[in-house]
>>> print(open('target_24.cif').read())   # mmCIF, C-alpha atoms
data_query
#
loop_
_atom_site.group_PDB
_atom_site.id
_atom_site.type_symbol
_atom_site.label_atom_id
_atom_site.label_comp_id
_atom_site.auth_asym_id
_atom_site.auth_seq_id
_atom_site.Cartn_x
_atom_site.Cartn_y
_atom_site.Cartn_z
ATOM 1 C CA MET Z 19 -5.838 -76.451 23.565
ATOM 2 C CA ASN Z 20 -6.503 -79.626 25.471
ATOM 3 C CA LYS Z 21 -7.711 -80.655 28.869
ATOM 4 C CA GLN Z 22 -7.521 -83.904 30.802
ATOM 5 C CA LEU Z 23 -10.731 -85.153 32.262
ATOM 6 C CA LYS Z 24 -11.952 -87.916 34.538
ATOM 7 C CA VAL Z 25 -15.551 -88.954 33.993
ATOM 8 C CA SER Z 26 -17.044 -90.269 37.201
ATOM 9 C CA ARG Z 27 -19.290 -93.272 37.597
ATOM 10 C CA GLY Z 28 -22.900 -92.281 37.060
ATOM 11 C CA LYS Z 29 -21.999 -89.574 34.552
ATOM 12 C CA ASP Z 30 -22.263 -90.273 30.851
ATOM 13 C CA LEU Z 31 -22.845 -86.958 29.107
ATOM 14 C CA LEU Z 32 -20.332 -84.195 28.510
ATOM 15 C CA SER Z 33 -21.438 -80.703 27.575
ATOM 16 C CA ILE Z 34 -18.604 -78.764 26.001
ATOM 17 C CA GLN Z 35 -18.677 -75.024 25.452
ATOM 18 C CA LEU Z 36 -15.952 -73.692 23.214
ATOM 19 C CA ALA Z 37 -15.129 -70.901 20.784
ATOM 20 C CA GLY Z 38 -12.944 -70.128 17.783
ATOM 21 C CA HIS Z 39 -12.599 -73.774 16.792
ATOM 22 C CA SER Z 40 -13.046 -75.967 13.778
ATOM 23 C CA TYR Z 41 -13.102 -79.264 15.678
ATOM 24 C CA VAL Z 42 -13.182 -80.802 19.112
ATOM 25 C CA ARG Z 43 -12.272 -84.396 19.825
ATOM 26 C CA ILE Z 44 -12.059 -86.719 22.787
ATOM 27 C CA THR Z 45 -9.457 -89.446 23.118
ATOM 28 C CA ASP Z 46 -9.276 -92.177 25.735
ATOM 29 C CA GLU Z 47 -6.240 -93.163 27.804
ATOM 30 C CA ALA Z 48 -4.944 -95.343 24.984
ATOM 31 C CA GLY Z 49 -5.141 -92.440 22.549
ATOM 32 C CA ASN Z 50 -8.152 -93.788 20.681
ATOM 33 C CA GLU Z 51 -10.503 -91.137 19.367
ATOM 34 C CA THR Z 52 -13.916 -91.862 20.858
ATOM 35 C CA PHE Z 53 -15.706 -88.669 19.789
ATOM 36 C CA ARG Z 54 -15.206 -85.919 17.244
ATOM 37 C CA SER Z 55 -17.208 -82.886 16.184
ATOM 38 C CA ASP Z 56 -16.257 -81.004 13.018
ATOM 39 C CA SER Z 57 -18.729 -78.174 13.432
ATOM 40 C CA ASP Z 58 -17.975 -74.678 14.687
ATOM 41 C CA ALA Z 59 -21.056 -74.717 16.904
ATOM 42 C CA ARG Z 60 -20.123 -73.405 20.321
ATOM 43 C CA HIS Z 61 -22.066 -76.052 22.258
ATOM 44 C CA VAL Z 62 -21.323 -79.762 21.812
ATOM 45 C CA ASN Z 63 -22.575 -82.878 23.605
ATOM 46 C CA ALA Z 64 -20.621 -86.115 23.835
ATOM 47 C CA ILE Z 65 -21.639 -89.454 25.291
ATOM 48 C CA VAL Z 66 -18.822 -91.040 27.280
ATOM 49 C CA SER Z 67 -18.266 -93.952 29.636
ATOM 50 C CA PRO Z 68 -16.594 -93.480 33.011
ATOM 51 C CA GLY Z 69 -12.830 -93.143 32.617
ATOM 52 C CA ARG Z 70 -10.022 -90.751 31.801
ATOM 53 C CA TYR Z 71 -10.010 -88.725 28.607
ATOM 54 C CA VAL Z 72 -8.346 -85.829 26.870
ATOM 55 C CA VAL Z 73 -10.534 -83.161 25.264
ATOM 56 C CA GLU Z 74 -8.669 -81.441 22.448
ATOM 57 C CA THR Z 75 -9.613 -78.541 20.176
ATOM 58 C CA ASP Z 76 -7.939 -75.979 17.943
ATOM 59 C CA GLY Z 77 -9.993 -73.278 19.640
ATOM 60 C CA LYS Z 78 -10.709 -72.290 23.214
ATOM 61 C CA LEU Z 79 -12.346 -74.609 25.740
ATOM 62 C CA ASN Z 80 -14.638 -72.452 27.824
ATOM 63 C CA LYS Z 81 -16.490 -74.951 29.964
ATOM 64 C CA LEU Z 82 -16.795 -78.705 30.451
ATOM 65 C CA THR Z 83 -19.797 -80.064 32.317
ATOM 66 C CA GLN Z 84 -20.459 -83.679 33.270
ATOM 67 C CA SER Z 85 -23.983 -84.916 33.780
ATOM 68 C CA ALA Z 86 -26.132 -88.011 33.461
ATOM 69 C CA ARG Z 87 -28.441 -88.557 30.550
ATOM 70 C CA GLU Z 88 -32.131 -88.557 31.264
ATOM 71 C CA PRO Z 89 -33.207 -92.206 31.680
ATOM 72 C CA ARG Z 90 -35.334 -92.194 28.534
ATOM 73 C CA HIS Z 91 -32.318 -91.107 26.484
ATOM 74 C CA ARG Z 92 -30.150 -94.028 27.598
ATOM 75 C CA GLU Z 93 -29.772 -97.220 25.640
ATOM 76 C CA ALA Z 94 -31.985 -100.042 26.707
ATOM 77 C CA ARG Z 95 -30.170 -102.973 28.221
ATOM 78 C CA PRO Z 96 -29.872 -105.995 25.921
ATOM 79 C CA VAL Z 97 -33.210 -107.719 25.861
ATOM 80 C CA GLN Z 98 -33.918 -111.342 25.103
ATOM 81 C CA ALA Z 99 -36.508 -111.155 22.346
ATOM 82 C CA MET Z 100 -37.788 -114.604 23.276
ATOM 83 C CA LYS Z 101 -38.261 -113.495 26.895
ATOM 84 C CA PRO Z 102 -39.860 -110.071 26.735
ATOM 85 C CA PRO Z 103 -40.247 -108.082 29.958
ATOM 86 C CA LYS Z 104 -43.466 -108.629 31.820
ATOM 87 C CA PRO Z 105 -46.067 -105.906 31.347
ATOM 88 C CA GLY Z 106 -45.518 -103.007 33.667
ATOM 89 C CA LYS Z 107 -41.798 -103.697 34.154
ATOM 90 C CA MET L 12 -15.162 -98.717 3.857
ATOM 91 C CA LEU L 13 -17.313 -95.652 4.404
ATOM 92 C CA MET L 14 -20.967 -96.436 4.035
ATOM 93 C CA SER L 15 -22.918 -93.287 3.404
ATOM 94 C CA LEU L 16 -26.650 -93.350 3.914
ATOM 95 C CA PRO L 17 -27.631 -90.296 1.892
ATOM 96 C CA ALA L 18 -30.552 -88.004 2.342
ATOM 97 C CA ASN L 19 -33.708 -89.224 0.681
ATOM 98 C CA PRO L 20 -37.134 -87.689 0.941
ATOM 99 C CA VAL L 21 -39.027 -89.476 3.649
ATOM 100 C CA PRO L 22 -42.605 -90.482 2.865
ATOM 101 C CA THR L 23 -45.150 -88.083 4.235
ATOM 102 C CA ASP L 24 -46.582 -90.646 6.606
ATOM 103 C CA LEU L 25 -43.248 -90.801 8.425
ATOM 104 C CA TYR L 26 -43.292 -87.236 9.565
ATOM 105 C CA GLN L 27 -46.891 -86.395 10.047
ATOM 106 C CA ILE L 28 -49.325 -87.935 12.398
ATOM 107 C CA LEU L 29 -53.065 -87.714 12.496
ATOM 108 C CA VAL L 30 -54.527 -85.641 15.253
ATOM 109 C CA SER L 31 -58.262 -85.257 15.069
ATOM 110 C CA PRO L 32 -59.567 -83.382 13.224
ATOM 111 C CA GLY L 33 -56.499 -82.724 11.086
ATOM 112 C CA HIS L 34 -52.812 -83.376 10.628
ATOM 113 C CA HIS L 35 -50.195 -82.456 13.182
ATOM 114 C CA TRP L 36 -46.759 -81.954 11.704
ATOM 115 C CA LEU L 37 -43.763 -83.080 13.639
ATOM 116 C CA PRO L 38 -41.287 -80.308 14.407
ATOM 117 C CA TRP L 39 -38.457 -82.149 12.664
ATOM 118 C CA TYR L 40 -37.615 -82.757 9.072
ATOM 119 C CA ILE L 41 -36.237 -86.254 9.046
ATOM 120 C CA TRP L 42 -34.182 -87.530 6.198
ATOM 121 C CA GLY L 43 -32.678 -90.929 5.895
ATOM 122 C CA GLY L 44 -31.414 -93.519 3.500
ATOM 123 C CA GLY L 45 -31.467 -97.222 2.950
ATOM 124 C CA VAL L 46 -34.326 -99.303 4.152
ATOM 125 C CA TYR L 47 -36.146 -97.888 7.076
ATOM 126 C CA SER L 48 -39.257 -98.482 9.063
ATOM 127 C CA THR L 49 -40.959 -96.220 11.505
ATOM 128 C CA LYS L 50 -41.745 -97.163 15.036
ATOM 129 C CA TYR L 51 -42.334 -93.761 16.500
ATOM 130 C CA GLY L 52 -44.869 -93.146 19.197
ATOM 131 C CA TYR L 53 -44.830 -89.410 19.082
ATOM 132 C CA ASP L 54 -46.252 -87.774 22.167
ATOM 133 C CA THR L 55 -47.289 -84.244 21.264
ATOM 134 C CA SER L 56 -47.654 -83.232 24.903
ATOM 135 C CA LYS L 57 -44.099 -84.294 25.756
ATOM 136 C CA TYR L 58 -42.532 -83.623 22.368
ATOM 137 C CA ILE L 59 -40.683 -86.914 22.198
ATOM 138 C CA GLY L 60 -40.732 -89.590 19.592
ATOM 139 C CA TYR L 61 -38.905 -92.380 17.873
ATOM 140 C CA MET L 62 -38.434 -91.168 14.360
ATOM 141 C CA GLY L 63 -37.357 -94.267 12.543
ATOM 142 C CA THR L 64 -34.885 -97.039 12.038
ATOM 143 C CA ILE L 65 -32.470 -97.152 9.117
ATOM 144 C CA SER L 66 -30.869 -100.428 8.146
ATOM 145 C CA VAL L 67 -27.134 -100.570 7.440
ATOM 146 C CA PRO L 68 -26.503 -103.245 4.829
ATOM 147 C CA PHE L 69 -23.102 -104.929 4.667
ATOM 148 C CA SER L 70 -21.569 -108.190 3.545
ATOM 149 C CA GLY L 71 -18.770 -110.424 4.743
ATOM 150 C CA HIS L 72 -16.660 -109.559 7.771
ATOM 151 C CA VAL L 73 -16.287 -105.905 8.787
ATOM 152 C CA ASN L 74 -15.023 -103.909 11.733
ATOM 153 C CA VAL L 75 -17.543 -101.269 12.725
ATOM 154 C CA LYS L 76 -15.370 -98.255 13.428
ATOM 155 C CA SER L 77 -17.711 -95.291 13.826
ATOM 156 C CA LEU L 78 -21.092 -93.659 13.344
ATOM 157 C CA ARG L 79 -21.304 -90.120 11.975
ATOM 158 C CA ILE L 80 -24.294 -87.824 11.736
ATOM 159 C CA THR L 81 -24.513 -84.566 9.788
ATOM 160 C CA GLY L 82 -27.240 -81.950 9.762
ATOM 161 C CA SER L 83 -28.448 -79.066 11.852
ATOM 162 C CA VAL L 84 -30.138 -78.753 15.218
ATOM 163 C CA ASN L 85 -31.714 -75.509 16.331
ATOM 164 C CA GLY L 86 -31.436 -74.189 19.842
ATOM 165 C CA SER L 87 -34.050 -72.414 21.864
ATOM 166 C CA SER L 88 -35.540 -69.090 20.929
ATOM 167 C CA ALA L 89 -37.374 -66.802 23.333
ATOM 168 C CA SER L 90 -39.819 -69.051 25.209
ATOM 169 C CA SER L 91 -39.633 -71.913 22.688
ATOM 170 C CA GLU L 92 -37.278 -74.722 23.523
ATOM 171 C CA GLY L 93 -34.848 -76.046 20.948
ATOM 172 C CA ALA L 94 -34.441 -79.523 19.547
ATOM 173 C CA MET L 95 -32.687 -82.657 20.646
ATOM 174 C CA VAL L 96 -31.661 -85.446 18.290
ATOM 175 C CA GLY L 97 -30.265 -88.828 19.205
ATOM 176 C CA ALA L 98 -28.915 -91.614 17.023
ATOM 177 C CA ARG L 99 -27.775 -95.085 18.003
ATOM 178 C CA LEU L 100 -26.064 -97.699 15.926
ATOM 179 C CA TYR L 101 -27.412 -101.073 16.961
ATOM 180 C CA VAL L 102 -26.162 -104.546 16.244
ATOM 181 C CA ARG L 103 -28.379 -107.590 16.398
ATOM 182 C CA GLU L 104 -27.195 -111.135 16.953
ATOM 183 C CA GLY L 105 -29.828 -113.800 17.230
ATOM 184 C CA ASN L 106 -32.481 -112.455 19.537
ATOM 185 C CA LEU L 107 -30.151 -109.981 21.278
ATOM 186 C CA SER L 108 -29.429 -106.419 20.238
ATOM 187 C CA TRP L 109 -27.262 -103.725 21.770
ATOM 188 C CA SER L 110 -25.856 -100.320 20.961
ATOM 189 C CA LEU L 111 -22.369 -99.905 19.486
ATOM 190 C CA ALA L 112 -22.361 -96.102 19.280
ATOM 191 C CA SER L 113 -24.633 -93.380 20.626
ATOM 192 C CA ILE L 114 -24.867 -89.725 19.647
ATOM 193 C CA LEU L 115 -26.938 -87.148 21.480
ATOM 194 C CA ILE L 116 -27.247 -83.517 20.445
ATOM 195 C CA ASP L 117 -29.283 -81.677 23.031
ATOM 196 C CA ARG L 118 -29.998 -78.021 22.338
ATOM 197 C CA ARG L 119 -33.388 -77.753 23.992
ATOM 198 C CA THR L 120 -32.171 -75.172 26.495
ATOM 199 C CA VAL L 121 -29.276 -73.712 24.512
ATOM 200 C CA PRO L 122 -30.205 -70.409 22.862
ATOM 201 C CA THR L 123 -29.653 -70.457 19.102
ATOM 202 C CA SER L 124 -28.050 -67.045 19.459
ATOM 203 C CA SER L 125 -25.253 -68.505 21.588
ATOM 204 C CA LEU L 126 -24.558 -71.458 19.298
ATOM 205 C CA GLY L 127 -22.823 -69.500 16.569
ATOM 206 C CA SER L 128 -23.679 -72.300 14.163
ATOM 207 C CA ILE L 129 -26.552 -74.748 14.204
ATOM 208 C CA TYR L 130 -24.676 -77.303 12.096
ATOM 209 C CA VAL L 131 -23.611 -80.665 13.460
ATOM 210 C CA ASP L 132 -21.023 -83.113 12.200
ATOM 211 C CA VAL L 133 -20.435 -85.621 14.968
ATOM 212 C CA THR L 134 -18.550 -88.903 14.804
ATOM 213 C CA GLN L 135 -18.715 -91.441 17.614
ATOM 214 C CA SER L 136 -16.486 -94.484 17.841
ATOM 215 C CA ALA L 137 -18.135 -97.884 17.590
ATOM 216 C CA GLY L 138 -15.085 -99.579 19.066
ATOM 217 C CA GLY L 139 -14.136 -101.613 16.011
ATOM 218 C CA PHE L 140 -16.790 -104.257 16.653
ATOM 219 C CA ALA L 141 -16.142 -107.328 14.468
ATOM 220 C CA ALA L 142 -19.369 -108.011 12.600
ATOM 221 C CA ASP L 143 -20.121 -110.970 10.388
ATOM 222 C CA ALA L 144 -22.981 -110.595 7.923
ATOM 223 C CA ASN L 145 -23.958 -114.216 8.544
ATOM 224 C CA THR L 146 -24.709 -113.572 12.195
ATOM 225 C CA HIS L 147 -25.089 -109.817 12.664
ATOM 226 C CA GLN L 148 -27.358 -107.070 11.398
ATOM 227 C CA LEU L 149 -26.810 -103.333 11.836
ATOM 228 C CA ALA L 150 -29.356 -100.536 12.104
ATOM 229 C CA ILE L 151 -29.452 -96.897 13.172
ATOM 230 C CA GLU L 152 -32.230 -95.746 15.440
ATOM 231 C CA LEU L 153 -33.138 -92.080 15.310
ATOM 232 C CA PHE L 154 -35.119 -90.296 17.983
ATOM 233 C CA GLY L 155 -35.839 -86.737 18.896
ATOM 234 C CA GLU L 156 -37.332 -84.428 21.424
ATOM 235 C CA GLY L 157 -38.127 -80.769 21.815
ATOM 236 C CA GLN L 158 -39.971 -78.090 19.937
ATOM 237 C CA GLY L 159 -37.168 -76.871 17.701
ATOM 238 C CA ILE L 160 -36.365 -77.924 14.163
ATOM 239 C CA ALA L 161 -33.632 -80.417 13.413
ATOM 240 C CA THR L 162 -32.566 -81.690 10.021
ATOM 241 C CA VAL L 163 -30.563 -84.872 9.602
ATOM 242 C CA THR L 164 -28.877 -84.796 6.209
ATOM 243 C CA GLY L 165 -27.029 -88.067 6.421
ATOM 244 C CA PHE L 166 -25.427 -90.879 8.349
ATOM 245 C CA VAL L 167 -22.039 -92.373 7.627
ATOM 246 C CA VAL L 168 -20.980 -95.694 9.065
ATOM 247 C CA ASN L 169 -17.277 -96.474 8.831
ATOM 248 C CA LEU L 170 -16.944 -100.233 8.401
#
>>> encode(input="target_24.cif", output="structure tokens")
Amino acid sequence: MNKQLKVSRGKDLLSIQLAGHSYVRITDEAGNETFRSDSDARHVNAIVSPGRYVVETDGKLNKLTQSAREPRHREARPVQAMKPPKPGK
Amino acid sequence: MLMSLPANPVPTDLYQILVSPGHHWLPWYIWGGGVYSTKYGYDTSKYIGYMGTISVPFSGHVNVKSLRITGSVNGSSASSEGAMVGARLYVREGNLSWSLASILIDRRTVPTSSLGSIYVDVTQSAGGFAADANTHQLAIELFGEGQGIATVTGFVVNL
């Protein structure tokens, strides 16, 4: 089973609920696999950038939810080690 | 080349912190491989902490294809929240560093009973970044949050 998906700007976390599967994977428009889970857990998270994807599994896709990661869970922007941020920023 | 960073016992001081008058044990069992250093600032009131950094040694020119994490992450149970584990593969060049691949497994509000399986085996693309050992270094940062138990049994970096 697969489903096409457009991830909107401002969203970067997919929550996937599925059943009866051995894998779930996400491919981008070019067909490149960007994410794969090989567990039969029925709840999977995937970090994605905005864009179009295909979610594919050998089981049943029950629910796909897009959200934004909590700020403290996002990657820090590249920081110049020789120019550290000022205290309090 | 698959570089496996196998599970090694982590020194006690990496997963316990001193809380007067005794020890407070972190709710995770963290395993890692390679050379690592801790930089966690575990906040017991918010249940969040940086658990460590694991170096990824390599030589010559490589294409960094993916980061994989295996282990288990418990969900919530009754009134106790579950665990969340995050891993990021970082590259450093000069005095700049940035993330090539990020994995987040968040089961803080997912009941363990609805998971079916607590096991995780997640692979995230690193985009085929061309790394040169003369100018780049790689490291995995591991962080966690929540009250549940998570066990990381290994990381695999596909170079």
>>> closest_residue(input="target_24.cif", among="Z:Asp46, Z:Glu88, Z:Glu93, Z:Asp30", to="chain L", atoms="all atoms listed in the file")
Z:Glu93
>>> residues_around(input="target_24.cif", residues="range 132-138 of chain L", least_positions_apart="5", cutoff="6 Å", atoms="all atoms listed in the file", output="PyMOL selection string")
(chain Z and resi 52-57) or (chain L and resi 75-81+111-112)
>>> interface_residues(input="target_24.cif", of="chain Z", to="chain L", cutoff="12 Å", atoms="all atoms listed in the file", output="ChimeraX atom specification")
/Z:30-46,50-67,87-88,90-102
>>> resolve_selection(input="target_24.cif", expression="the PyMOL selection byres ((chain Z and resi 73) around 9)", output="PyMOL selection string")
chain Z and resi 19-23+42-45+71-72+74-75+79
>>> atom_distance(input="target_24.cif", atom1="CA of Gln158 in chain L", atom2="CA of Pro89 in chain Z")
19.6 Å
>>> decode(input="target_24.cif", residues="range 81-162 of chain L", atoms="C-alpha atoms", output="PDB file, in the first residue's frame")
ATOM      1  CA  THR L  81      18.367   0.077  16.342  1.00  0.00           C
ATOM      2  CA  GLY L  82      16.938  -0.522  19.789  1.00  0.00           C
ATOM      3  CA  SER L  83      13.683  -0.147  21.633  1.00  0.00           C
ATOM      4  CA  VAL L  84      11.644   2.794  22.849  1.00  0.00           C
ATOM      5  CA  ASN L  85       8.805   2.341  25.294  1.00  0.00           C
ATOM      6  CA  GLY L  86       5.542   4.191  25.019  1.00  0.00           C
ATOM      7  CA  SER L  87       3.431   5.589  27.786  1.00  0.00           C
ATOM      8  CA  SER L  88       1.808   3.500  30.460  1.00  0.00           C
ATOM      9  CA  ALA L  89      -1.079   4.650  32.633  1.00  0.00           C
ATOM     10  CA  SER L  90      -0.106   8.132  33.853  1.00  0.00           C
ATOM     11  CA  SER L  91       3.600   7.748  33.022  1.00  0.00           C
ATOM     12  CA  GLU L  92       4.734   9.192  29.741  1.00  0.00           C
ATOM     13  CA  GLY L  93       6.891   7.180  27.378  1.00  0.00           C
ATOM     14  CA  ALA L  94      10.311   7.923  25.974  1.00  0.00           C
ATOM     15  CA  MET L  95      11.636   9.945  23.100  1.00  0.00           C
ATOM     16  CA  VAL L  96      15.024   9.374  21.494  1.00  0.00           C
ATOM     17  CA  GLY L  97      16.720  11.510  18.889  1.00  0.00           C
ATOM     18  CA  ALA L  98      19.934  10.966  16.961  1.00  0.00           C
ATOM     19  CA  ARG L  99      21.705  13.284  14.554  1.00  0.00           C
ATOM     20  CA  LEU L 100      24.654  12.606  12.337  1.00  0.00           C
ATOM     21  CA  TYR L 101      26.793  15.719  12.261  1.00  0.00           C
ATOM     22  CA  VAL L 102      29.616  16.709   9.984  1.00  0.00           C
ATOM     23  CA  ARG L 103      32.230  19.246  10.950  1.00  0.00           C
ATOM     24  CA  GLU L 104      34.317  21.268   8.534  1.00  0.00           C
ATOM     25  CA  GLY L 105      36.648  23.824  10.002  1.00  0.00           C
ATOM     26  CA  ASN L 106      34.686  25.692  12.616  1.00  0.00           C
ATOM     27  CA  LEU L 107      31.283  24.881  11.086  1.00  0.00           C
ATOM     28  CA  SER L 108      29.125  21.863  11.808  1.00  0.00           C
ATOM     29  CA  TRP L 109      25.720  20.824  10.536  1.00  0.00           C
ATOM     30  CA  SER L 110      23.404  17.847  10.537  1.00  0.00           C
ATOM     31  CA  LEU L 111      23.357  15.358   7.653  1.00  0.00           C
ATOM     32  CA  ALA L 112      20.629  13.073   9.007  1.00  0.00           C
ATOM     33  CA  SER L 113      18.167  13.314  11.882  1.00  0.00           C
ATOM     34  CA  ILE L 114      16.084  10.600  13.513  1.00  0.00           C
ATOM     35  CA  LEU L 115      13.386  11.229  16.085  1.00  0.00           C
ATOM     36  CA  ILE L 116      11.370   8.509  17.786  1.00  0.00           C
ATOM     37  CA  ASP L 117       8.743  10.114  19.964  1.00  0.00           C
ATOM     38  CA  ARG L 118       6.571   7.773  22.001  1.00  0.00           C
ATOM     39  CA  ARG L 119       5.972   9.984  25.011  1.00  0.00           C
ATOM     40  CA  THR L 120       2.219  10.056  24.445  1.00  0.00           C
ATOM     41  CA  VAL L 121       1.821   6.788  22.546  1.00  0.00           C
ATOM     42  CA  PRO L 122       0.560   3.984  24.790  1.00  0.00           C
ATOM     43  CA  THR L 123       2.865   0.962  24.776  1.00  0.00           C
ATOM     44  CA  SER L 124      -0.230  -1.193  24.438  1.00  0.00           C
ATOM     45  CA  SER L 125      -1.012   0.342  21.044  1.00  0.00           C
ATOM     46  CA  LEU L 126       2.520   0.020  19.677  1.00  0.00           C
ATOM     47  CA  GLY L 127       2.441  -3.720  19.129  1.00  0.00           C
ATOM     48  CA  SER L 128       6.229  -3.713  19.270  1.00  0.00           C
ATOM     49  CA  ILE L 129       8.590  -1.382  21.068  1.00  0.00           C
ATOM     50  CA  TYR L 130      11.483  -2.170  18.723  1.00  0.00           C
ATOM     51  CA  VAL L 131      12.944   0.405  16.371  1.00  0.00           C
ATOM     52  CA  ASP L 132      15.086  -0.026  13.288  1.00  0.00           C
ATOM     53  CA  VAL L 133      15.109   3.298  11.485  1.00  0.00           C
ATOM     54  CA  THR L 134      17.318   4.397   8.611  1.00  0.00           C
ATOM     55  CA  GLN L 135      17.482   8.014   7.491  1.00  0.00           C
ATOM     56  CA  SER L 136      19.199   9.166   4.327  1.00  0.00           C
ATOM     57  CA  ALA L 137      22.227  11.410   4.698  1.00  0.00           C
ATOM     58  CA  GLY L 138      21.986  12.495   1.076  1.00  0.00           C
ATOM     59  CA  GLY L 139      25.263  10.993  -0.099  1.00  0.00           C
ATOM     60  CA  PHE L 140      27.351  13.822   1.346  1.00  0.00           C
ATOM     61  CA  ALA L 141      30.914  13.661  -0.033  1.00  0.00           C
ATOM     62  CA  ALA L 142      33.224  13.664   2.974  1.00  0.00           C
ATOM     63  CA  ASP L 143      36.988  13.874   2.936  1.00  0.00           C
ATOM     64  CA  ALA L 144      38.810  12.709   6.054  1.00  0.00           C
ATOM     65  CA  ASN L 145      41.325  15.525   5.605  1.00  0.00           C
ATOM     66  CA  THR L 146      38.678  18.195   6.027  1.00  0.00           C
ATOM     67  CA  HIS L 147      35.634  16.576   7.631  1.00  0.00           C
ATOM     68  CA  GLN L 148      34.803  14.810  10.870  1.00  0.00           C
ATOM     69  CA  LEU L 149      31.614  12.877  11.612  1.00  0.00           C
ATOM     70  CA  ALA L 150      29.829  12.343  14.915  1.00  0.00           C
ATOM     71  CA  ILE L 151      26.438  11.154  16.133  1.00  0.00           C
ATOM     72  CA  GLU L 152      24.672  13.142  18.800  1.00  0.00           C
ATOM     73  CA  LEU L 153      22.173  11.287  20.944  1.00  0.00           C
ATOM     74  CA  PHE L 154      19.523  12.972  23.039  1.00  0.00           C
ATOM     75  CA  GLY L 155      16.409  11.912  24.830  1.00  0.00           C
ATOM     76  CA  GLU L 156      13.363  13.035  26.676  1.00  0.00           C
ATOM     77  CA  GLY L 157      10.519  11.544  28.642  1.00  0.00           C
ATOM     78  CA  GLN L 158      10.044   9.212  31.546  1.00  0.00           C
ATOM     79  CA  GLY L 159      10.005   5.915  29.682  1.00  0.00           C
ATOM     80  CA  ILE L 160      12.877   3.543  29.053  1.00  0.00           C
ATOM     81  CA  ALA L 161      14.702   3.480  25.750  1.00  0.00           C
ATOM     82  CA  THR L 162      17.597   1.257  24.779  1.00  0.00           C
TER      83      THR L 162
END
